[in-house]
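The block underneath contains the structure these notes are about, expressed in structure tokens.
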Amino acid sequence: MTKPTRSIAIVDDDRRVLESLANLIASFGYQAYPFTSAAEMLAADILPQVSCVITDREMPVMSGLGLLAHIRQSGLSIPVIVITGELSEDTESFYFSLGAAGFLRKPLDDDALHRLLQRCFL
């Protein structure tokens with residue numbers, strides 16, 4: 001019997017980053033569902049079907065923080081990985097305290113992302 005494919009929702013308002021990340025996720029053997037905003041992802045009502053969410057920290061309307069809070073308030077225990085190009089010393093510990101499964105800086109280290117995803121799915 002084949003192992004079911006893990007599915008990952010990716011939310012980033014930068015289309016180049018989104019496309020690149022979706023291709024990377026697919027190369028790891030996961031199904032990628034790319035969205036250009038948190039609102040777009042929430043409207044798709046995909047949260048119950050995904051194994052993980054990767055979200056950009058800074059986005060218009062609903063930030064990665066807002067999306068993380070929404071997921072936690074909905075009672076879902078989906079791992080959420082926050083990515084950012086911004087540098088801030090306290091951001092990483094802040095997101096972990098809110099329940100993020102991981103935090104990575106752009107440009108992403110492919111191997112670090114892969115290891116983090118594997119830990120999320122243990």
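Ligands are numbered from 1 in the order shown, residues from 1 within each chain, and chains are lettered A, B, ... in the order they appear in the structure tokens.
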
Can you list, as number ranges by chain, every protein, DNA or RNA residue that comes within 10 Å of Ser77 of chain A when you count only C-alpha atoms, leaving out same-chain residues fewer than 5 positions away?
A: 51-52, 71-72, 99

Write a file of the just-selected residues containing N, CA, C and O atoms, as a PDB file, in the first residue's frame.
```
ATOM      1  N   SER A  51      -2.047  19.002   5.815  1.00  0.00           N
ATOM      2  CA  SER A  51      -1.223  18.463   6.891  1.00  0.00           C
ATOM      3  C   SER A  51      -0.374  19.532   7.562  1.00  0.00           C
ATOM      4  O   SER A  51       0.134  19.323   8.660  1.00  0.00           O
ATOM      5  N   CYS A  52      -0.202  20.674   6.875  1.00  0.00           N
ATOM      6  CA  CYS A  52       0.675  21.730   7.367  1.00  0.00           C
ATOM      7  C   CYS A  52       0.366  23.017   6.601  1.00  0.00           C
ATOM      8  O   CYS A  52      -0.138  22.959   5.478  1.00  0.00           O
ATOM      9  N   ILE A  71      -5.986  29.852  12.931  1.00  0.00           N
ATOM     10  CA  ILE A  71      -5.890  28.382  12.945  1.00  0.00           C
ATOM     11  C   ILE A  71      -5.961  27.861  14.369  1.00  0.00           C
ATOM     12  O   ILE A  71      -6.680  26.906  14.664  1.00  0.00           O
ATOM     13  N   ARG A  72      -5.240  28.486  15.281  1.00  0.00           N
ATOM     14  CA  ARG A  72      -5.259  28.041  16.682  1.00  0.00           C
ATOM     15  C   ARG A  72      -6.639  28.257  17.306  1.00  0.00           C
ATOM     16  O   ARG A  72      -7.140  27.401  18.031  1.00  0.00           O
ATOM     17  N   GLY A  99       2.470  29.106  19.144  1.00  0.00           N
ATOM     18  CA  GLY A  99       2.160  27.772  18.642  1.00  0.00           C
ATOM     19  C   GLY A  99       2.678  27.444  17.263  1.00  0.00           C
ATOM     20  O   GLY A  99       2.299  26.425  16.684  1.00  0.00           O
TER      21      GLY A  99
END
```

What residues in chain A get the DSSP label strand (DSSP E)? Please answer as a ChimeraX atom specification.
/A:7-11,31-35,52-56,80-84,102-105

Which polymer residues have any atom within 10 Å of an atom of Met41 of chain A, counting only C-alpha atoms, with same-chain residues fewer than 4 positions away left out, as a list in words?
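Within the cut-off, the hits are Ala9, Ile10, Val11, Tyr33, Pro34, Phe35, Thr36, Ser37, Asp45, Ile46, Leu47 and Leu67 of chain A.
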
I need the residues from that last selection saved to file as a PDB file, in the first residue's frame (with N, CA and C atoms), if you can.
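And here's part-v1.pdb as it stands now:
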```pdb
ATOM      1  N   ALA A   9      -0.490  23.701   2.579  1.00  0.00           N
ATOM      2  CA  ALA A   9      -0.969  24.992   2.084  1.00  0.00           C
ATOM      3  C   ALA A   9       0.157  25.995   2.252  1.00  0.00           C
ATOM      4  N   ILE A  10       0.433  26.744   1.202  1.00  0.00           N
ATOM      5  CA  ILE A  10       1.484  27.753   1.220  1.00  0.00           C
ATOM      6  C   ILE A  10       0.825  29.106   0.979  1.00  0.00           C
ATOM      7  N   VAL A  11       1.110  30.073   1.851  1.00  0.00           N
ATOM      8  CA  VAL A  11       0.506  31.402   1.732  1.00  0.00           C
ATOM      9  C   VAL A  11       1.630  32.438   1.684  1.00  0.00           C
ATOM     10  N   TYR A  33      -0.493  23.374  -2.108  1.00  0.00           N
ATOM     11  CA  TYR A  33      -1.649  24.201  -2.429  1.00  0.00           C
ATOM     12  C   TYR A  33      -1.255  25.656  -2.204  1.00  0.00           C
ATOM     13  N   PRO A  34      -0.891  26.377  -3.271  1.00  0.00           N
ATOM     14  CA  PRO A  34      -0.427  27.761  -3.118  1.00  0.00           C
ATOM     15  C   PRO A  34      -1.569  28.771  -3.091  1.00  0.00           C
ATOM     16  N   PHE A  35      -1.425  29.778  -2.221  1.00  0.00           N
ATOM     17  CA  PHE A  35      -2.398  30.858  -2.099  1.00  0.00           C
ATOM     18  C   PHE A  35      -1.648  32.179  -1.948  1.00  0.00           C
ATOM     19  N   THR A  36      -2.177  33.232  -2.562  1.00  0.00           N
ATOM     20  CA  THR A  36      -1.518  34.535  -2.502  1.00  0.00           C
ATOM     21  C   THR A  36      -1.952  35.366  -1.300  1.00  0.00           C
ATOM     22  N   SER A  37      -2.899  34.867  -0.516  1.00  0.00           N
ATOM     23  CA  SER A  37      -3.308  35.585   0.691  1.00  0.00           C
ATOM     24  C   SER A  37      -3.963  34.609   1.663  1.00  0.00           C
ATOM     25  N   ASP A  45     -11.447  26.924   2.068  1.00  0.00           N
ATOM     26  CA  ASP A  45     -11.851  25.963   3.099  1.00  0.00           C
ATOM     27  C   ASP A  45     -11.016  24.679   3.038  1.00  0.00           C
ATOM     28  N   ILE A  46      -9.715  24.857   2.901  1.00  0.00           N
ATOM     29  CA  ILE A  46      -8.814  23.721   2.741  1.00  0.00           C
ATOM     30  C   ILE A  46      -8.173  23.265   4.051  1.00  0.00           C
ATOM     31  N   LEU A  47      -8.284  24.059   5.102  1.00  0.00           N
ATOM     32  CA  LEU A  47      -7.604  23.725   6.360  1.00  0.00           C
ATOM     33  C   LEU A  47      -7.883  22.309   6.857  1.00  0.00           C
ATOM     34  N   LEU A  67      -3.124  34.670  10.607  1.00  0.00           N
ATOM     35  CA  LEU A  67      -3.481  33.338  10.124  1.00  0.00           C
ATOM     36  C   LEU A  67      -3.185  32.287  11.182  1.00  0.00           C
TER      37      LEU A  67
END
```

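Among the candidate residues A:Val61, A:Val50, A:Leu98, A:Leu122, the one lying nearest to Gln73 of chain A is A:Leu98, with distances computed using only C-alpha atoms.
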
Interatomic distance (Å, one decimal) between atom CA of Val80 of chain A and atom CA of Ser97 of chain A:
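Spanning atom CA of Val80 of chain A to atom CA of Ser97 of chain A is a straight-line distance of 12.3 Å.
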
Which one of A:Pro79, A:Gln49, A:Leu104, A:Ala44 sits closest to Gln118 of chain A if you count only C-alpha atoms?
A:Pro79

Near segment 68-70 of chain A, within 10 Å and counting only C-alpha atoms, which residues show up once chain neighbours fewer than 3 positions away are dropped, as an MDAnalysis selection string?
chainID A and resid 38 42 53:55 57 62:65 73:76 78:82 95 98:100

Could you please write out, as a short mmCIF file (atom, residue, chain, number, x, y, z; two decimals) with N, CA and C atoms, in the first residue's frame, every residue of segment 5-63 of chain A that DSSP assigns to helix (DSSP H, G or I)?
```cif
data_model
loop_
_atom_site.label_atom_id
_atom_site.label_comp_id
_atom_site.auth_asym_id
_atom_site.auth_seq_id
_atom_site.Cartn_x
_atom_site.Cartn_y
_atom_site.Cartn_z
N ARG A 15 4.34 36.29 -5.57
CA ARG A 15 4.07 35.16 -6.47
C ARG A 15 5.32 34.37 -6.84
N ARG A 16 6.45 35.04 -6.95
CA ARG A 16 7.70 34.33 -7.28
C ARG A 16 8.09 33.38 -6.14
N VAL A 17 8.01 33.87 -4.92
CA VAL A 17 8.32 33.03 -3.77
C VAL A 17 7.32 31.89 -3.68
N LEU A 18 6.04 32.20 -3.89
CA LEU A 18 4.99 31.20 -3.81
C LEU A 18 5.22 30.07 -4.81
N GLU A 19 5.50 30.43 -6.05
CA GLU A 19 5.73 29.43 -7.09
C GLU A 19 6.97 28.59 -6.78
N SER A 20 8.04 29.25 -6.38
CA SER A 20 9.27 28.55 -6.05
C SER A 20 9.06 27.58 -4.88
N LEU A 21 8.36 28.05 -3.86
CA LEU A 21 8.11 27.21 -2.69
C LEU A 21 7.20 26.04 -3.03
N ALA A 22 6.20 26.27 -3.87
CA ALA A 22 5.31 25.18 -4.29
C ALA A 22 6.10 24.11 -5.05
N ASN A 23 7.01 24.53 -5.91
CA ASN A 23 7.85 23.57 -6.64
C ASN A 23 8.77 22.81 -5.70
N LEU A 24 9.33 23.51 -4.72
CA LEU A 24 10.21 22.86 -3.75
C LEU A 24 9.44 21.82 -2.94
N ILE A 25 8.26 22.19 -2.47
CA ILE A 25 7.42 21.28 -1.69
C ILE A 25 7.09 20.03 -2.51
N ALA A 26 6.75 20.24 -3.78
CA ALA A 26 6.46 19.10 -4.67
C ALA A 26 7.69 18.21 -4.84
N SER A 27 8.87 18.82 -4.90
CA SER A 27 10.10 18.02 -5.06
C SER A 27 10.39 17.17 -3.82
N ALA A 38 -3.99 35.01 2.92
CA ALA A 38 -4.66 34.20 3.93
C ALA A 38 -6.15 34.12 3.62
N ALA A 39 -6.75 35.23 3.18
CA ALA A 39 -8.17 35.25 2.86
C ALA A 39 -8.50 34.25 1.74
N GLU A 40 -7.62 34.18 0.73
CA GLU A 40 -7.83 33.24 -0.37
C GLU A 40 -7.79 31.80 0.15
N MET A 41 -6.84 31.50 1.02
CA MET A 41 -6.74 30.16 1.57
C MET A 41 -7.96 29.83 2.42
N LEU A 42 -8.36 30.76 3.27
CA LEU A 42 -9.52 30.51 4.14
C LEU A 42 -10.79 30.35 3.33
N ALA A 43 -10.95 31.10 2.25
CA ALA A 43 -12.12 30.98 1.39
C ALA A 43 -12.17 29.62 0.70
N LEU A 47 -8.28 24.06 5.10
CA LEU A 47 -7.60 23.72 6.36
C LEU A 47 -7.88 22.31 6.86
N PRO A 48 -9.12 21.82 6.80
CA PRO A 48 -9.34 20.46 7.30
C PRO A 48 -8.62 19.37 6.49
N GLN A 49 -8.21 19.69 5.26
CA GLN A 49 -7.57 18.68 4.42
C GLN A 49 -6.05 18.75 4.39
#
```

Atom CA of Pro60 of chain A to atom CA of Phe103 of chain A: how many Å, to one decimal?
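Spanning atom CA of Pro60 of chain A to atom CA of Phe103 of chain A is a straight-line distance of 19.4 Å.
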
What is the distance between atom CA of Leu113 of chain A and atom CA of Gly66 of chain A, in Å to one decimal?
21.8 Å
